[in-house]
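Before any comments, here is the structure.
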Amino acid sequence: MKKSLWQTYSDSQLIELNRLTEDYKVFLNVGKTERECVTEIIRQAEQAGYKDMDTVSELKSGDKVYKAWMGKSIVLFNIGKNPIEQGMNILGAHIDSPRLDLKQNPLYEESGFAYFDTHYYGGIKKYQWVTIPLAIHGVVIRKDGTKVEVSIGEKEDDPVFVITDLLVHLSSKQMEKKASVVVEGESLDILIGSRPLVDKEKEAATEQILQILKDTYHIEREDLMSAELEVVPAGKARDCGLDRSMIMAYGQDDRVCAYTSLAAMFAVNNVGRTSCCILVDKEEIGSVGATGMNSRFFENAVADMLDKLGQFSELKLRHTMANSTMISSDVGAAYDPMYADVYDKKSNPFFGYGMVLNKHTGARGKSGSNDANAEYIAKLRNVFDKNEVAFQLTEMGKIDAGGGGTIAYILAQFGMEVIDGGVAVLCMHAPWEVTSKADVYEAYRGYCAFLQDMK
Ligand code: MN
Ligand code: MN
């Protein structure tokens with residue numbers, strides 16, 4: 001049996017681990033939506049010497065640029081010394097997480113309460129979202145195109161919101177329901193007020209809310225039609241455990257891999273193969289839309305980059321993509337002794353034992369997965385062993401227990417080598433997810449090794 005990483009780290013490694021995970025918690029706190037993540041990533045990238053690719057007319061080896069797309073996805077390039085046609089080393093993670101989105105006519109009133117109607121985003125256990133403090137993050141776009149940024153529920157003196165649950169005393173019928181329907185999708189509406197204006201008879205509670213929206217944000221009810229308001233758990237990332245070995249936070253799938261990929265991107269210099277980091281939206285609903293991985297925005301950004309290198313042709317673009325190697329940086333399902341019967345101990349990742357590599361994700365007979373090549377896994381083993389990176393070759397749970405997907409198969413369509421590699425998570429997709437700090441650090445070390453040494 002391999003050793004837990006905690007038994008192997010030197011004092012200086014523990015200092016680096018602590019610095020990385022403290023910065024990671026700050027990233028989680030400022031980036032609770034894909035838009036907030038992109039804003040923060042741009043801020044950090046510019047601090048690290050990256051320039052907006054649109055403002056640069058020519059590129060050469062050593063240049064660092066980023067290209068954001070619709071404020072929800074972003075690509076970073078660190079131009080290497082090798083001919084670009086020989087391919088890039090790509091890290092790709094997603095920055096969207098499961099949550100509740102407001103519907104487009106969200107505001108309504110019932111029995112003196114005002115509510116926002118929601119529609120859940122991504123795979124959630126609906127019963128987990130009741131009776132926890134919730135925050136609203138997002139944007140409202142007025143008809144004239146002006147944008148209002150909203151964030152309510154994170155500051156100490158902000159109000160929070162709640163989805164109610166039935167008191168146990170009256171739950172005899174509810175307690176007999178299946179977990180999938182014990183709280184239904186249409187019941188996930190958030191309670192936002194209960195103080196009717198005295199001089200109004202109808203819709204008094206919503207009138208009050210509208211007045212507050214108008215006074216605070218200068219928006220009208222109609223403006224909510226063109227809004228993207230996301231309901232997320234309120235509160236900050238915290239250390240977890242008496243030994244502080246873990247992090248508990250919302251949205252670690254997949255911001256744990258997004259953050260460590262980004263940190264690795266900033267850490268490597270003088271690369272041979274061009275380094276690339278993709279941080280993308282919409283993975284949790286199938287990588288759809290203009291900002292999802294299935295969109296052409298990434299290919300377009302690579303085409304732009306080639307053009308600015310004076311290297312663009314359709315053929316060179318295809319070669320660049322096909323000759324690239326990628327780690328689809330996404331999370332794995334950590335072994336949980338409380339639910340041992342869905343795991344295969346021989347091929348599931350354990351907390352504190354290193355980066356998770358998944359040859360395939362998917363379900364049933366590997367359906368919907370990217371089945372990475374043995375030759376590529378051998379190359380990765382070589383890179384990780386040379387850099388003393390601990391990794392675990394894993395699968396998601398027992399065969400036929402369920403399954404999941406990532407962006408891996410989409411990049412594989414260009415003919416490049418791709419494997420899933422990231423951090424094991426407990427309570428994945430729950431409002432609060434848990435990771436091991438050692439695994440966060442080891443993923444960062446693995447990503448650095450990959451960007452620097454994958455040939
Ligand atoms: Mn994920
Ligand atoms: Mn997910």
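Residues in the structure tokens are named by chain (A, B, ... in the order shown) and by number from 1 within that chain; ligands are numbered from 1 in the order shown.
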Among stretch 150-384 of chain A, which residues carry a DSSP assignment of strand (DSSP E or B), reported as an MDAnalysis selection string? chainID A and resid 150:152 161:162 190:193 227:233 238:240 246:249 274:280 325:328 332:333 355:358 362:363 367
query = Which residues form the shell of 12 Å around ligand 1 when you count only C-alpha atoms and all ligand atoms, given as JSON, numbers by chain?
reply = {"A": [92, 93, 94, 95, 96, 97, 98, 122, 123, 251, 252, 253, 254, 255, 256, 257, 258, 279, 280, 281, 282, 283, 284, 285, 286, 287, 328, 329, 330, 331, 332, 333, 361, 403, 404, 405, 406, 407, 408, 420, 421, 422, 423, 424, 425, 428, 429]}
For the residues in the current selection, export N, CA and C atoms as a compact mmCIF listing (two decimals), in the first residue's frame.
```txt
# COMPACT_ATOMS: atom_id res chain seq x y z
N GLY A 92 -7.66 21.58 -19.18
CA GLY A 92 -9.01 22.12 -19.39
C GLY A 92 -9.93 21.76 -18.25
N ALA A 93 -10.46 22.76 -17.57
CA ALA A 93 -11.38 22.53 -16.45
C ALA A 93 -12.66 23.33 -16.69
N HIS A 94 -13.68 23.06 -15.87
CA HIS A 94 -14.90 23.87 -16.01
C HIS A 94 -15.14 24.71 -14.76
N ILE A 95 -15.77 25.86 -14.97
CA ILE A 95 -15.96 26.81 -13.87
C ILE A 95 -17.44 27.04 -13.56
N ASP A 96 -18.32 26.25 -14.18
CA ASP A 96 -19.73 26.28 -13.78
C ASP A 96 -19.94 25.16 -12.77
N SER A 97 -20.89 25.34 -11.88
CA SER A 97 -21.19 24.33 -10.85
C SER A 97 -22.71 24.21 -10.69
N PRO A 98 -23.17 23.07 -10.17
CA PRO A 98 -24.60 22.90 -9.95
C PRO A 98 -25.15 24.00 -9.04
N GLY A 122 -27.78 21.61 -13.61
CA GLY A 122 -26.85 20.52 -13.31
C GLY A 122 -27.51 19.45 -12.46
N GLY A 123 -26.75 18.43 -12.16
CA GLY A 123 -27.29 17.29 -11.41
C GLY A 123 -27.26 17.54 -9.92
N GLY A 251 -18.97 24.45 -4.87
CA GLY A 251 -18.44 24.62 -6.23
C GLY A 251 -17.04 24.08 -6.47
N GLN A 252 -16.61 23.14 -5.62
CA GLN A 252 -15.25 22.59 -5.85
C GLN A 252 -15.20 21.76 -7.12
N ASP A 253 -16.31 21.13 -7.52
CA ASP A 253 -16.45 20.56 -8.86
C ASP A 253 -16.88 21.71 -9.76
N ASP A 254 -16.03 22.31 -10.52
CA ASP A 254 -14.70 21.84 -10.82
C ASP A 254 -13.69 22.97 -10.61
N ARG A 255 -14.04 23.87 -9.67
CA ARG A 255 -13.12 25.00 -9.47
C ARG A 255 -11.84 24.54 -8.79
N VAL A 256 -11.86 23.35 -8.17
CA VAL A 256 -10.62 22.85 -7.58
C VAL A 256 -9.60 22.55 -8.69
N CYS A 257 -10.09 22.00 -9.80
CA CYS A 257 -9.18 21.73 -10.92
C CYS A 257 -8.92 22.99 -11.73
N ALA A 258 -9.93 23.87 -11.82
CA ALA A 258 -9.74 25.14 -12.54
C ALA A 258 -8.65 25.95 -11.85
N LEU A 279 -10.70 27.28 -19.36
CA LEU A 279 -11.59 27.28 -18.20
C LEU A 279 -12.97 27.64 -18.72
N VAL A 280 -13.86 26.66 -18.69
CA VAL A 280 -15.03 26.73 -19.55
C VAL A 280 -16.34 26.58 -18.77
N ASP A 281 -17.37 27.13 -19.35
CA ASP A 281 -18.73 27.16 -18.80
C ASP A 281 -19.53 25.94 -19.30
N LYS A 282 -20.69 25.69 -18.67
CA LYS A 282 -21.74 24.79 -19.17
C LYS A 282 -21.43 23.29 -19.15
N GLU A 283 -20.34 22.88 -18.48
CA GLU A 283 -20.05 21.45 -18.45
C GLU A 283 -21.15 20.68 -17.74
N GLU A 284 -21.70 21.29 -16.70
CA GLU A 284 -22.68 20.57 -15.88
C GLU A 284 -24.01 20.33 -16.60
N ILE A 285 -24.23 21.00 -17.74
CA ILE A 285 -25.47 20.72 -18.48
C ILE A 285 -25.15 20.19 -19.89
N GLY A 286 -23.95 19.60 -20.04
CA GLY A 286 -23.64 18.91 -21.29
C GLY A 286 -22.75 19.69 -22.24
N SER A 287 -22.04 20.70 -21.73
CA SER A 287 -21.07 21.48 -22.53
C SER A 287 -21.72 22.12 -23.76
N SER A 328 -7.88 16.68 -19.18
CA SER A 328 -9.19 17.23 -18.87
C SER A 328 -9.26 17.27 -17.34
N SER A 329 -9.03 18.48 -16.80
CA SER A 329 -8.89 18.61 -15.34
C SER A 329 -10.27 18.61 -14.71
N ASP A 330 -10.66 17.46 -14.20
CA ASP A 330 -11.98 17.40 -13.56
C ASP A 330 -11.90 16.48 -12.35
N VAL A 331 -12.91 16.55 -11.53
CA VAL A 331 -12.86 15.87 -10.25
C VAL A 331 -13.23 14.39 -10.36
N GLY A 332 -12.80 13.61 -9.37
CA GLY A 332 -13.16 12.20 -9.27
C GLY A 332 -13.97 11.97 -8.01
N ALA A 333 -14.61 10.80 -7.95
CA ALA A 333 -15.45 10.46 -6.79
C ALA A 333 -14.59 9.76 -5.74
N THR A 361 -14.45 7.93 -18.13
CA THR A 361 -15.57 8.23 -17.22
C THR A 361 -16.76 7.47 -17.77
N GLY A 403 -22.63 6.98 -13.11
CA GLY A 403 -21.62 7.46 -14.06
C GLY A 403 -21.64 8.97 -14.16
N GLY A 404 -20.74 9.48 -15.01
CA GLY A 404 -20.66 10.93 -15.20
C GLY A 404 -19.78 11.24 -16.38
N GLY A 405 -19.81 12.49 -16.82
CA GLY A 405 -19.02 12.88 -17.98
C GLY A 405 -18.19 14.11 -17.71
N THR A 406 -17.30 14.43 -18.64
CA THR A 406 -16.44 15.61 -18.54
C THR A 406 -16.32 16.22 -19.93
N ILE A 407 -15.38 17.15 -20.11
CA ILE A 407 -15.16 17.72 -21.44
C ILE A 407 -14.15 16.90 -22.26
N ALA A 408 -13.62 15.81 -21.68
CA ALA A 408 -12.52 15.07 -22.33
C ALA A 408 -12.86 14.64 -23.75
N ASP A 420 -8.69 12.24 -18.34
CA ASP A 420 -9.23 13.00 -17.21
C ASP A 420 -8.28 12.90 -16.04
N GLY A 421 -7.97 14.04 -15.45
CA GLY A 421 -7.08 14.03 -14.30
C GLY A 421 -7.36 15.18 -13.36
N GLY A 422 -7.57 14.89 -12.08
CA GLY A 422 -7.89 15.98 -11.16
C GLY A 422 -7.87 15.56 -9.70
N VAL A 423 -8.86 16.05 -8.98
CA VAL A 423 -8.87 15.92 -7.52
C VAL A 423 -10.10 15.10 -7.10
N ALA A 424 -9.92 14.20 -6.15
CA ALA A 424 -11.04 13.42 -5.62
C ALA A 424 -11.88 14.29 -4.68
N VAL A 425 -13.21 14.16 -4.78
CA VAL A 425 -14.14 14.98 -4.00
C VAL A 425 -15.11 14.08 -3.24
N MET A 428 -19.74 15.08 -3.89
CA MET A 428 -19.74 15.82 -5.15
C MET A 428 -21.17 16.27 -5.52
N HIS A 429 -21.29 17.50 -5.97
CA HIS A 429 -22.55 18.15 -6.38
C HIS A 429 -23.47 18.50 -5.21
```
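Minimum atom-to-atom distances from A:Phe384, A:Phe351, A:Phe450, A:Tyr250 to ligand 2 were compared using only C-alpha atoms and all ligand atoms, and the lowest value belongs to A:Tyr250.
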Would you mind telling me which residue in A:Lys3, A:Glu433, A:Met454, A:Phe298 lies nearest to ligand 2 when using only C-alpha atoms and all ligand atoms?
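Distance minimum relative to ligand 2 lands on A:Glu433.
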Name the residues of stretch 161-408 of chain A that fall into alpha helix (DSSP H) according to DSSP on the backbone, using the chain letters and numbers of this document, as a ChimeraX atom specification.
/A:179-182,204-217,252-267,297-308,314-322,374-386,408
